[in-house]
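Have a look at upload12.pdb; it's PDB, C-alpha atoms:
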ATOM      1  CA  MET A 815     162.187 111.746 184.548
ATOM      2  CA  ILE A 816     163.001 115.258 183.307
ATOM      3  CA  SER A 817     160.453 117.951 184.099
ATOM      4  CA  LEU A 818     159.045 120.183 181.378
ATOM      5  CA  ALA A 819     160.498 123.227 183.183
ATOM      6  CA  THR A 820     163.964 121.711 182.727
ATOM      7  CA  ALA A 821     163.555 120.308 179.219
ATOM      8  CA  ALA A 822     161.731 123.263 177.609
ATOM      9  CA  PRO A 823     164.517 125.873 178.044
ATOM     10  CA  THR A 824     167.046 123.262 176.886
ATOM     11  CA  VAL A 825     165.105 122.400 173.724
ATOM     12  CA  GLY A 826     164.333 126.089 173.109
ATOM     13  CA  ALA A 827     167.935 127.260 173.554
ATOM     14  CA  ALA A 828     169.295 124.485 171.306
ATOM     15  CA  PHE A 829     166.607 125.187 168.699
ATOM     16  CA  VAL A 830     167.104 128.961 168.455
ATOM     17  CA  ALA A 831     170.914 128.826 168.652
ATOM     18  CA  SER A 832     171.082 126.085 166.032
ATOM     19  CA  SER A 833     168.665 127.968 163.737
ATOM     20  CA  VAL A 834     171.054 130.940 163.563
ATOM     21  CA  GLU A 835     174.042 128.751 162.712
ATOM     22  CA  ALA A 836     172.019 126.595 160.300
ATOM     23  CA  VAL A 837     170.893 129.702 158.361
ATOM     24  CA  GLU A 838     174.525 130.823 157.979
ATOM     25  CA  ALA A 839     175.695 127.384 156.861
ATOM     26  CA  PHE A 840     172.728 126.983 154.513
ATOM     27  CA  THR A 841     173.602 130.215 152.662
ATOM     28  CA  ILE A 842     176.997 128.817 151.668
ATOM     29  CA  VAL A 843     175.712 125.318 150.875
ATOM     30  CA  LEU A 844     173.040 126.910 148.669
ATOM     31  CA  ALA A 845     175.689 128.961 146.854
ATOM     32  CA  VAL A 846     177.644 125.741 146.197
ATOM     33  CA  SER A 847     174.547 123.939 144.885
ATOM     34  CA  VAL A 848     173.607 126.862 142.616
ATOM     35  CA  VAL A 849     177.097 127.100 141.068
ATOM     36  CA  ARG A 850     178.225 123.430 140.979
ATOM     37  CA  GLY A 851     175.028 121.406 141.491
ATOM     38  CA  ILE A 852     173.422 119.568 144.372
ATOM     39  CA  ARG A 853     175.936 116.675 144.452
ATOM     40  CA  PRO A 854     179.081 118.430 145.782
ATOM     41  CA  ALA A 855     176.911 120.552 148.112
ATOM     42  CA  ALA A 856     175.134 117.511 149.579
ATOM     43  CA  LEU A 857     178.332 115.425 149.838
ATOM     44  CA  GLY A 858     180.296 118.204 151.561
ATOM     45  CA  ALA A 859     177.482 119.156 153.945
ATOM     46  CA  GLY A 860     176.614 115.494 154.629
ATOM     47  CA  ALA A 861     180.220 114.570 155.494
ATOM     48  CA  ALA A 862     180.445 117.487 157.938
ATOM     49  CA  LEU A 863     177.108 116.546 159.538
ATOM     50  CA  VAL A 864     178.312 112.958 160.063
ATOM     51  CA  ILE A 865     181.480 114.228 161.801
ATOM     52  CA  LEU A 866     179.476 116.624 164.003
ATOM     53  CA  ALA A 867     176.977 113.888 164.944
ATOM     54  CA  LEU A 868     179.878 111.558 165.843
ATOM     55  CA  VAL A 869     181.421 114.238 168.077
ATOM     56  CA  VAL A 870     178.109 114.612 169.965
ATOM     57  CA  ALA A 871     177.622 110.832 170.166
ATOM     58  CA  ILE A 872     181.150 110.292 171.560
ATOM     59  CA  LEU A 873     181.554 113.322 173.838
ATOM     60  CA  GLY A 874     177.979 113.407 175.179
ATOM     61  CA  PRO A 875     178.133 110.113 177.120
ATOM     62  CA  LEU A 876     181.732 110.869 178.218
ATOM     63  CA  LEU A 877     180.564 114.067 179.933
ATOM     64  CA  ALA A 878     178.135 111.983 181.992
ATOM     65  CA  ALA A 879     181.141 110.320 183.665
ATOM     66  CA  VAL A 880     182.530 113.654 184.973
ATOM     67  CA  PRO A 881     181.522 114.650 188.557
ATOM     68  CA  VAL A 882     178.397 116.836 188.322
ATOM     69  CA  ARG A 883     179.582 119.778 190.474
ATOM     70  CA  GLY A 884     182.855 120.299 188.554
ATOM     71  CA  LEU A 885     181.138 119.761 185.212
ATOM     72  CA  GLN A 886     178.477 122.354 186.037
ATOM     73  CA  LEU A 887     181.127 124.943 186.897
ATOM     74  CA  VAL A 888     183.270 124.333 183.794
ATOM     75  CA  ILE A 889     180.325 124.101 181.383
ATOM     76  CA  GLY A 890     178.652 127.063 183.093
ATOM     77  CA  LEU A 891     181.779 129.161 182.640
ATOM     78  CA  LEU A 892     182.118 128.173 178.971
ATOM     79  CA  LEU A 893     178.431 128.926 178.346
ATOM     80  CA  LEU A 894     178.768 132.246 180.138
ATOM     81  CA  VAL A 895     181.779 133.333 178.077
ATOM     82  CA  PHE A 896     180.218 132.130 174.814
ATOM     83  CA  GLY A 897     176.771 133.613 175.562
ATOM     84  CA  LEU A 898     178.170 136.970 176.704
ATOM     85  CA  GLY A 899     180.096 137.244 173.431
ATOM     86  CA  TRP A 900     176.896 136.669 171.423
ATOM     87  CA  LEU A 901     174.883 139.049 173.585
ATOM     88  CA  ARG A 902     177.492 141.820 173.374
ATOM     89  CA  LYS A 903     177.683 141.522 169.581
ATOM     90  CA  ALA A 904     173.868 141.462 169.247
ATOM     91  CA  VAL A 905     173.575 144.557 171.485
ATOM     92  CA  LEU A 906     176.168 146.403 169.391
ATOM     93  CA  ARG A 907     174.374 145.404 166.168
ATOM     94  CA  ALA A 908     170.964 146.397 167.555
ATOM     95  CA  GLY A 909     172.454 149.696 168.701
ATOM     96  CA  GLY A 910     173.893 150.386 165.256
ATOM     97  CA  ALA A 911     177.538 150.225 166.362
ATOM     98  CA  LEU A 912     178.157 147.095 164.231
ATOM     99  CA  SER A 913     176.678 146.325 160.825
ATOM    100  CA  LEU A 914     174.017 143.604 160.601
ATOM    101  CA  HIS A 915     174.838 140.205 159.105
ATOM    102  CA  ASP A 916     173.562 140.142 155.504
ATOM    103  CA  GLU A 917     172.814 136.628 154.196
ATOM    104  CA  ALA A 918     171.999 137.902 150.682
ATOM    105  CA  ALA A 919     175.381 139.657 150.453
ATOM    106  CA  THR A 920     177.179 136.558 151.761
ATOM    107  CA  PHE A 921     175.371 134.448 149.144
ATOM    108  CA  GLU A 922     176.347 136.831 146.325
ATOM    109  CA  LYS A 923     179.969 136.963 147.443
ATOM    110  CA  GLN A 924     180.234 133.170 147.804
ATOM    111  CA  THR A 925     178.542 132.546 144.448
ATOM    112  CA  ARG A 926     180.929 134.929 142.665
ATOM    113  CA  ALA A 927     183.976 133.355 144.328
ATOM    114  CA  LEU A 928     182.834 129.833 143.369
ATOM    115  CA  ARG A 929     182.192 130.878 139.738
ATOM    116  CA  ASP A 930     185.694 132.391 139.512
ATOM    117  CA  GLU A 931     187.182 129.177 140.936
ATOM    118  CA  ALA A 932     185.161 127.071 138.470
ATOM    119  CA  HIS A 933     186.637 128.997 135.525
ATOM    120  CA  ALA A 934     190.154 128.637 136.879
ATOM    121  CA  ARG A 935     190.044 124.983 137.955
ATOM    122  CA  GLY A 936     187.715 123.197 135.528
ATOM    123  CA  ARG A 937     186.628 119.763 136.782
ATOM    124  CA  ALA A 938     188.508 120.124 140.067
ATOM    125  CA  ALA A 939     185.995 122.834 140.936
ATOM    126  CA  ASP A 940     183.481 120.189 142.102
ATOM    127  CA  TRP A 941     185.940 118.933 144.706
ATOM    128  CA  LEU A 942     186.658 122.481 145.808
ATOM    129  CA  ALA A 943     182.933 123.325 145.993
ATOM    130  CA  GLY A 944     182.334 120.211 148.120
ATOM    131  CA  MET A 945     185.108 121.331 150.469
ATOM    132  CA  VAL A 946     183.530 124.791 150.747
ATOM    133  CA  ALA A 947     180.207 123.217 151.787
ATOM    134  CA  PHE A 948     182.027 120.822 154.152
ATOM    135  CA  LYS A 949     183.950 123.662 155.805
ATOM    136  CA  ALA A 950     180.887 125.893 156.166
ATOM    137  CA  VAL A 951     178.801 123.180 157.845
ATOM    138  CA  LEU A 952     181.714 122.012 160.016
ATOM    139  CA  LEU A 953     182.560 125.523 161.259
ATOM    140  CA  GLU A 954     178.997 126.693 161.872
ATOM    141  CA  GLY A 955     178.146 123.260 163.276
ATOM    142  CA  THR A 956     180.999 123.441 165.792
ATOM    143  CA  GLU A 957     179.085 126.126 167.679
ATOM    144  CA  VAL A 958     175.913 124.011 167.509
ATOM    145  CA  VAL A 959     177.797 120.988 168.865
ATOM    146  CA  PHE A 960     179.206 123.050 171.724
ATOM    147  CA  ILE A 961     175.760 124.392 172.615
ATOM    148  CA  VAL A 962     174.170 120.919 172.458
ATOM    149  CA  LEU A 963     176.921 119.360 174.597
ATOM    150  CA  ALA A 964     176.969 122.246 177.069
ATOM    151  CA  ILE A 965     173.255 122.634 177.705
ATOM    152  CA  GLY A 966     172.758 118.888 177.402
ATOM    153  CA  ALA A 967     175.529 118.100 179.905
ATOM    154  CA  ARG A 968     173.178 117.430 182.807
ATOM    155  CA  PRO A 969     171.846 113.883 183.096
ATOM    156  CA  GLY A 970     168.957 113.299 180.699
ATOM    157  CA  LEU A 971     169.268 116.610 178.850
ATOM    158  CA  LEU A 972     171.490 115.567 175.920
ATOM    159  CA  LEU A 973     168.546 114.128 174.000
ATOM    160  CA  PRO A 974     166.278 117.223 174.382
ATOM    161  CA  ALA A 975     169.213 119.457 173.354
ATOM    162  CA  ALA A 976     169.968 117.260 170.325
ATOM    163  CA  VAL A 977     166.271 117.189 169.370
ATOM    164  CA  GLY A 978     166.123 121.010 169.522
ATOM    165  CA  ALA A 979     169.235 121.353 167.334
ATOM    166  CA  ALA A 980     168.108 118.710 164.836
ATOM    167  CA  GLY A 981     164.661 120.323 164.623
ATOM    168  CA  ALA A 982     166.241 123.674 163.776
ATOM    169  CA  CYS A 983     168.434 122.146 161.046
ATOM    170  CA  VAL A 984     165.458 120.323 159.488
ATOM    171  CA  LEU A 985     163.310 123.475 159.577
ATOM    172  CA  VAL A 986     166.019 125.666 158.001
ATOM    173  CA  LEU A 987     166.693 123.038 155.325
ATOM    174  CA  ALA A 988     162.959 122.686 154.545
ATOM    175  CA  LEU A 989     162.481 126.471 154.344
ATOM    176  CA  GLY A 990     165.590 126.878 152.231
ATOM    177  CA  LEU A 991     164.649 124.087 149.818
ATOM    178  CA  ALA A 992     161.142 125.526 149.462
ATOM    179  CA  LEU A 993     162.434 129.041 148.757
ATOM    180  CA  ARG A 994     165.657 128.101 146.893
ATOM    181  CA  ALA A 995     167.101 131.382 148.194
ATOM    182  CA  PRO A 996     169.199 132.529 151.152
ATOM    183  CA  LEU A 997     167.046 132.992 154.236
ATOM    184  CA  ALA A 998     167.738 136.719 154.376
ATOM    185  CA  ARG A 999     164.426 137.633 155.999
ATOM    186  CA  ILE A1000     165.060 135.636 159.149
ATOM    187  CA  PRO A1001     165.669 138.174 161.962
ATOM    188  CA  GLU A1002     169.117 136.787 162.637
ATOM    189  CA  ASN A1003     170.258 139.496 165.050
ATOM    190  CA  SER A1004     167.078 139.270 167.136
ATOM    191  CA  MET A1005     167.625 135.531 167.358
ATOM    192  CA  LYS A1006     171.265 136.042 168.337
ATOM    193  CA  PHE A1007     170.068 138.492 170.989
ATOM    194  CA  VAL A1008     167.751 135.864 172.477
ATOM    195  CA  VAL A1009     170.384 133.115 172.234
ATOM    196  CA  GLY A1010     172.990 135.342 173.882
ATOM    197  CA  ALA A1011     170.593 136.019 176.787
ATOM    198  CA  LEU A1012     169.657 132.310 176.995
ATOM    199  CA  LEU A1013     173.257 131.097 177.085
ATOM    200  CA  THR A1014     174.330 133.806 179.529
ATOM    201  CA  GLY A1015     171.388 132.891 181.780
ATOM    202  CA  PHE A1016     172.239 129.178 181.581
ATOM    203  CA  GLY A1017     175.899 130.006 182.236
ATOM    204  CA  VAL A1018     175.239 132.072 185.375
ATOM    205  CA  PHE A1019     172.735 129.485 186.643
ATOM    206  CA  TRP A1020     175.171 126.612 186.222
ATOM    207  CA  CYS A1021     178.160 128.497 187.635
ATOM    208  CA  CYS A1022     176.167 129.124 190.825
ATOM    209  CA  GLU A1023     175.074 125.471 190.981
ATOM    210  CA  GLY A1024     178.700 124.413 190.461
ATOM    211  CA  LEU A1025     179.856 126.734 193.269
ATOM    212  CA  GLY A1026     177.299 125.226 195.647
ATOM    213  CA  ALA A1027     175.055 128.315 195.686
ATOM    214  CA  PRO A1028     171.845 127.151 194.031
ATOM    215  CA  TRP A1029     169.220 129.599 192.806
ATOM    216  CA  PRO A1030     165.944 129.891 194.716
ATOM    217  CA  GLY A1031     163.251 128.101 192.724
ATOM    218  CA  GLY A1032     165.680 125.579 191.198
ATOM    219  CA  ASP A1033     165.547 125.119 187.421
ATOM    220  CA  LEU A1034     162.626 127.563 187.162
ATOM    221  CA  ALA A1035     165.049 130.392 187.993
ATOM    222  CA  ILE A1036     166.535 130.047 184.475
ATOM    223  CA  LEU A1037     163.520 131.786 182.921
ATOM    224  CA  PRO A1038     163.617 135.054 184.946
ATOM    225  CA  LEU A1039     167.418 134.998 184.673
ATOM    226  CA  VAL A1040     167.206 134.865 180.877
ATOM    227  CA  GLY A1041     164.560 137.618 180.978
ATOM    228  CA  PHE A1042     166.895 139.716 183.127
ATOM    229  CA  TYR A1043     169.747 139.476 180.596
ATOM    230  CA  LEU A1044     167.361 140.089 177.714
ATOM    231  CA  ALA A1045     166.088 143.258 179.409
ATOM    232  CA  ALA A1046     169.629 144.384 180.257
ATOM    233  CA  GLY A1047     170.649 143.828 176.624
ATOM    234  CA  LEU A1048     167.673 145.824 175.323
ATOM    235  CA  VAL A1049     168.441 148.718 177.687
ATOM    236  CA  LEU A1050     172.098 148.689 176.605
ATOM    237  CA  ALA A1051     171.138 148.584 172.896
ATOM    238  CA  ALA A1052     168.766 151.532 173.372
ATOM    239  CA  SER A1053     171.520 153.435 175.198
ATOM    240  CA  VAL A1054     174.029 152.779 172.409
ATOM    241  CA  ARG A1055     171.443 153.939 169.835
ATOM    242  CA  ALA A1056     170.691 157.102 171.836
ATOM    243  CA  VAL A1057     174.369 157.975 172.292
ATOM    244  CA  ARG A1058     175.084 157.397 168.595
ATOM    245  CA  ALA A1059     172.096 159.566 167.598
ATOM    246  CA  ARG A1060     173.306 162.358 169.877
ATOM    247  CA  THR A1061     176.889 162.280 168.588
ATOM    248  CA  ALA A1062     175.957 161.864 164.888
TER     249      ALA A1062
ATOM    250  CA  MET B1214     195.093 121.465 156.821
ATOM    251  CA  ALA B1215     193.262 124.706 156.038
ATOM    252  CA  VAL B1216     190.078 123.188 157.497
ATOM    253  CA  PHE B1217     191.816 122.398 160.802
ATOM    254  CA  LYS B1218     193.298 125.897 160.962
ATOM    255  CA  ALA B1219     189.853 127.420 160.318
ATOM    256  CA  LEU B1220     188.356 125.102 162.957
ATOM    257  CA  ALA B1221     190.971 126.164 165.538
ATOM    258  CA  ALA B1222     190.315 129.836 164.699
ATOM    259  CA  GLU B1223     186.556 129.273 165.036
ATOM    260  CA  ILE B1224     186.930 127.637 168.456
ATOM    261  CA  PHE B1225     189.204 130.486 169.628
ATOM    262  CA  LYS B1226     186.678 133.033 168.326
ATOM    263  CA  MET B1227     183.860 131.264 170.195
ATOM    264  CA  PHE B1228     185.403 131.945 173.583
ATOM    265  CA  ALA B1229     187.740 134.873 173.111
ATOM    266  CA  ALA B1230     186.320 137.132 170.398
ATOM    267  CA  ASP B1231     186.523 139.911 172.985
ATOM    268  CA  LEU B1232     189.330 138.940 175.335
ATOM    269  CA  TRP B1233     188.407 141.620 177.883
ATOM    270  CA  LEU B1234     184.869 140.259 178.216
ATOM    271  CA  THR B1235     186.151 136.695 178.593
ATOM    272  CA  ILE B1236     188.585 137.742 181.334
ATOM    273  CA  ALA B1237     185.882 139.803 183.087
ATOM    274  CA  ALA B1238     183.450 136.862 183.093
ATOM    275  CA  VAL B1239     186.053 134.382 184.375
ATOM    276  CA  ALA B1240     187.253 136.887 187.012
ATOM    277  CA  SER B1241     183.663 137.480 188.194
ATOM    278  CA  VAL B1242     183.117 133.751 188.735
ATOM    279  CA  ALA B1243     186.532 133.358 190.411
ATOM    280  CA  LEU B1244     185.837 136.292 192.759
ATOM    281  CA  ALA B1245     182.394 134.886 193.574
ATOM    282  CA  ALA B1246     183.966 131.515 194.404
ATOM    283  CA  ALA B1247     186.637 133.162 196.567
ATOM    284  CA  ALA B1248     184.088 135.334 198.386
ATOM    285  CA  LEU B1249     181.911 132.291 199.088
ATOM    286  CA  ARG B1250     184.841 130.272 200.378
ATOM    287  CA  ALA B1251     186.030 133.148 202.598
ATOM    288  CA  GLY B1252     182.530 133.522 204.037
ATOM    289  CA  LEU B1253     182.165 137.076 202.742
ATOM    290  CA  VAL B1254     178.970 136.204 200.864
ATOM    291  CA  GLN B1255     176.273 133.750 201.886
ATOM    292  CA  ALA B1256     175.387 130.979 199.452
ATOM    293  CA  ALA B1257     171.817 132.299 199.193
ATOM    294  CA  ALA B1258     173.020 135.757 198.099
ATOM    295  CA  LEU B1259     175.802 134.675 195.746
ATOM    296  CA  PRO B1260     173.605 134.047 192.658
ATOM    297  CA  PHE B1261     172.353 137.638 192.768
ATOM    298  CA  PHE B1262     175.868 139.062 193.155
ATOM    299  CA  LEU B1263     177.147 137.007 190.245
ATOM    300  CA  ALA B1264     174.177 137.898 188.030
ATOM    301  CA  ALA B1265     174.780 141.588 188.739
ATOM    302  CA  ALA B1266     178.543 141.316 188.157
ATOM    303  CA  ILE B1267     177.909 139.732 184.760
ATOM    304  CA  VAL B1268     175.603 142.591 183.737
ATOM    305  CA  VAL B1269     178.328 145.078 184.713
ATOM    306  CA  ALA B1270     180.866 143.109 182.631
ATOM    307  CA  LEU B1271     178.445 143.117 179.683
ATOM    308  CA  ALA B1272     177.821 146.859 180.007
ATOM    309  CA  ILE B1273     181.558 147.627 180.020
ATOM    310  CA  GLY B1274     182.051 145.270 177.060
ATOM    311  CA  VAL B1275     179.302 147.094 175.132
ATOM    312  CA  VAL B1276     180.725 150.534 175.977
ATOM    313  CA  ARG B1277     184.186 149.409 174.807
ATOM    314  CA  GLY B1278     182.725 147.963 171.611
ATOM    315  CA  ALA B1279     180.598 151.019 170.853
ATOM    316  CA  ARG B1280     183.522 153.439 171.020
ATOM    317  CA  PRO B1281     184.370 154.783 167.560
TER     318      PRO B1281
END
Would you mind writing the file's structure down as structure tokens?
Amino acid sequence: MISLATAAPTVGAAFVASSVEAVEAFTIVLAVSVVRGIRPAALGAGAALVILALVVAILGPLLAAVPVRGLQLVIGLLLLVFGLGWLRKAVLRAGGALSLHDEAATFEKQTRALRDEAHARGRAADWLAGMVAFKAVLLEGTEVVFIVLAIGARPGLLLPAAVGAAGACVLVLALGLALRAPLARIPENSMKFVVGALLTGFGVFWCCEGLGAPWPGGDLAILPLVGFYLAAGLVLAASVRAVRARTA
Amino acid sequence: MAVFKALAAEIFKMFAADLWLTIAAVASVALAAAALRAGLVQAAALPFFLAAAIVVALAIGVVRGARP
């Protein structure tokens, strides 16, 4: 039986990380549906979702056959590298050194590109629009699949991770369908900040477990560890902002 | 074919968007493992050393990224 202390961070991390990726994929799928209709958008996105679900269904149980210690170290290292990349980018964006991701601008750009293609290609534009939706969901979903497989790699955690990711996708889809607009108001960088800290925390925790140096407090140590990286990220973002203000 | 190329690029970007940061993280874990095996660090202290090393790697990565 999995404890709540173990399952809650897993569900939470999968949910928040998947929300960010789902928002980005939804923007492009929405652009496709606005320009070419719901059919190519739904077919393209649906085909990609089936492939992603198959990857999780096939690889998830396979990971259970790998020795736990080695798996923890490898997955921990991958999570650490992936999470640090997200955290660094979020810190730089929060500090003003990188521009923020703009879903409304992405939507405009994608819509214009699809309209131009529709003029040039006529009926073949539906096929092309479907491929655009397929590619967007497949590429953004690849990160979701990695996160689900990585944080769900311990026995019994694949289902909570998958539930968190699926919940995020359903919520983003429901919000998007209700608004019929790109979800530009979602604080994407703040979410990436939290996800970066979560994945880095998970990564460090698992690397230590894999090396045979477990954290005091067991699974509960993940929470203060995530808080530690969140605080470090906030301090770094404030420092970047202060330095930029001084040199401006 | 274009989809596969984009997928490969996406997977590369996931783990090596900033190659320096990736190398620093992997090196930190490798050094921690070596120190533990050599008996230089006790198992109970290793998590704290690794957590600190990762913050240092992040800070250097941020400083490098913030440079104009």
Report the closest atom pair, with its distance in Å rounded to one decimal, for each residue of chain A that has an atom no farther than 6 Å from chain B; count only C-alpha atoms, sort by chain and then rising residue number, and write it as a Markdown table.
| residue | atom | partner | partner_atom | distance |
| --- | --- | --- | --- | --- |
| A:Val895 | CA | B:Thr1235 | CA | 5.5 |
| A:Phe896 | CA | B:Phe1228 | CA | 5.3 |
| A:Arg902 | CA | B:Val1275 | CA | 5.8 |
| A:Ala911 | CA | B:Ala1279 | CA | 5.5 |
| A:Cys1022 | CA | B:Pro1260 | CA | 5.8 |
| A:Ala1027 | CA | B:Ala1256 | CA | 4.6 |
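Applied to this file, the PyMOL selection byres ((chain A and resi 1003) around 9) selects Val834, Lys903, Ala904, Val905, Arg907, Ala908, Leu914, His915, Ile1000, Pro1001, Glu1002, Ser1004, Met1005, Lys1006, Phe1007 and Val1008 of chain A.
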Notebook entry, point to check: Counting only C-alpha atoms, what is within 9 Å of A:Leu873, bar same-chain residues fewer than 5 positions away, as a list in words?
Noted result: Leu868, Ala878 and Leu963 of chain A
Check: What is the atom CA of A:Ala836 to atom CA of A:Thr956 distance in Å?
Finding: 11.0 Å
Evaluate the PyMOL selection byres ((chain A and resi 859) around 10) and record the selected residues as a compact mmCIF listing (two decimals) with C-alpha atoms, in the coordinates of the input, following the chain and residue labels used in the document.
# COMPACT_ATOMS: atom_id res chain seq x y z
CA ALA A 839 175.70 127.38 156.86
CA PHE A 840 172.73 126.98 154.51
CA ILE A 842 177.00 128.82 151.67
CA VAL A 843 175.71 125.32 150.88
CA ARG A 853 175.94 116.68 144.45
CA PRO A 854 179.08 118.43 145.78
CA ALA A 855 176.91 120.55 148.11
CA ALA A 856 175.13 117.51 149.58
CA LEU A 857 178.33 115.42 149.84
CA GLY A 858 180.30 118.20 151.56
CA GLY A 860 176.61 115.49 154.63
CA ALA A 861 180.22 114.57 155.49
CA ALA A 862 180.44 117.49 157.94
CA LEU A 863 177.11 116.55 159.54
CA VAL A 864 178.31 112.96 160.06
CA GLY A 944 182.33 120.21 148.12
CA MET A 945 185.11 121.33 150.47
CA VAL A 946 183.53 124.79 150.75
CA ALA A 947 180.21 123.22 151.79
CA PHE A 948 182.03 120.82 154.15
CA LYS A 949 183.95 123.66 155.80
CA ALA A 950 180.89 125.89 156.17
CA VAL A 951 178.80 123.18 157.84
CA LEU A 952 181.71 122.01 160.02
Next item on the list: Taking the file as shown, find all residues satisfying the PyMOL selection byres ((chain A and resi 844) around 9) and write them as a list of chain:residue names.
Entry: A:Ala839, A:Phe840, A:Thr841, A:Ile842, A:Val843, A:Ala845, A:Val846, A:Ser847, A:Val848, A:Val849, A:Ile852, A:Ala855, A:Phe921, A:Thr925, A:Ala947, A:Gly990, A:Leu991, A:Arg994, A:Ala995, A:Pro996
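If you look at atom CA of A:Ile1036 and atom CA of A:Gly884, they are 19.4 Å away from each other.
Going from atom CA of A:Leu985 over to atom CA of A:Ser833, you cover 8.1 Å.
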Notebook entry, point to check: Counting all atoms listed in the file, what is within 12 Å of A:Pro969, bar same-chain residues fewer than 5 positions away, as a PyMOL selection string?
Noted result: chain A and resi 815-816+820-821+874-882+885-886+963-964+974-975
Next item on the list: Go through A:Gly1015, A:Gly955, A:Gly1047, A:Gly981 one by one, measure the shortest atom-to-atom distance of each to A:Asp1033 using all atoms listed in the file, and give the residue with the smallest value.
Entry: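 For A:Asp1033, the nearest of the candidates is A:Gly1015.
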Near stretch 926-931 of chain A, counting only C-alpha atoms, which residues have an atom at most 10 Å away, once you skip same-chain residues fewer than 2 positions from it, shown as a PDB file with C-alpha atoms, in the frame of the given file?
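To be explicit, this is the file written out as selection_15.pdb:
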ATOM      1  CA  ALA A 845     175.689 128.961 146.854  1.00  0.00           C
ATOM      2  CA  VAL A 846     177.644 125.741 146.197  1.00  0.00           C
ATOM      3  CA  VAL A 848     173.607 126.862 142.616  1.00  0.00           C
ATOM      4  CA  VAL A 849     177.097 127.100 141.068  1.00  0.00           C
ATOM      5  CA  ARG A 850     178.225 123.430 140.979  1.00  0.00           C
ATOM      6  CA  THR A 920     177.179 136.558 151.761  1.00  0.00           C
ATOM      7  CA  PHE A 921     175.371 134.448 149.144  1.00  0.00           C
ATOM      8  CA  GLU A 922     176.347 136.831 146.325  1.00  0.00           C
ATOM      9  CA  LYS A 923     179.969 136.963 147.443  1.00  0.00           C
ATOM     10  CA  GLN A 924     180.234 133.170 147.804  1.00  0.00           C
ATOM     11  CA  HIS A 933     186.637 128.997 135.525  1.00  0.00           C
ATOM     12  CA  ALA A 934     190.154 128.637 136.879  1.00  0.00           C
ATOM     13  CA  ARG A 935     190.044 124.983 137.955  1.00  0.00           C
ATOM     14  CA  GLY A 936     187.715 123.197 135.528  1.00  0.00           C
ATOM     15  CA  ALA A 938     188.508 120.124 140.067  1.00  0.00           C
ATOM     16  CA  ALA A 939     185.995 122.834 140.936  1.00  0.00           C
ATOM     17  CA  ASP A 940     183.481 120.189 142.102  1.00  0.00           C
ATOM     18  CA  LEU A 942     186.658 122.481 145.808  1.00  0.00           C
ATOM     19  CA  ALA A 943     182.933 123.325 145.993  1.00  0.00           C
ATOM     20  CA  VAL A 946     183.530 124.791 150.747  1.00  0.00           C
TER      21      VAL A 946
END
Margin query: Give me, as a ChimeraX atom specification, all polymer residues having an atom no more than 8 Å from A:Gly1041, counting all atoms listed in the file and skipping those fewer than 4 positions away in the same chain.
Written below: /A:1011,1037,1045
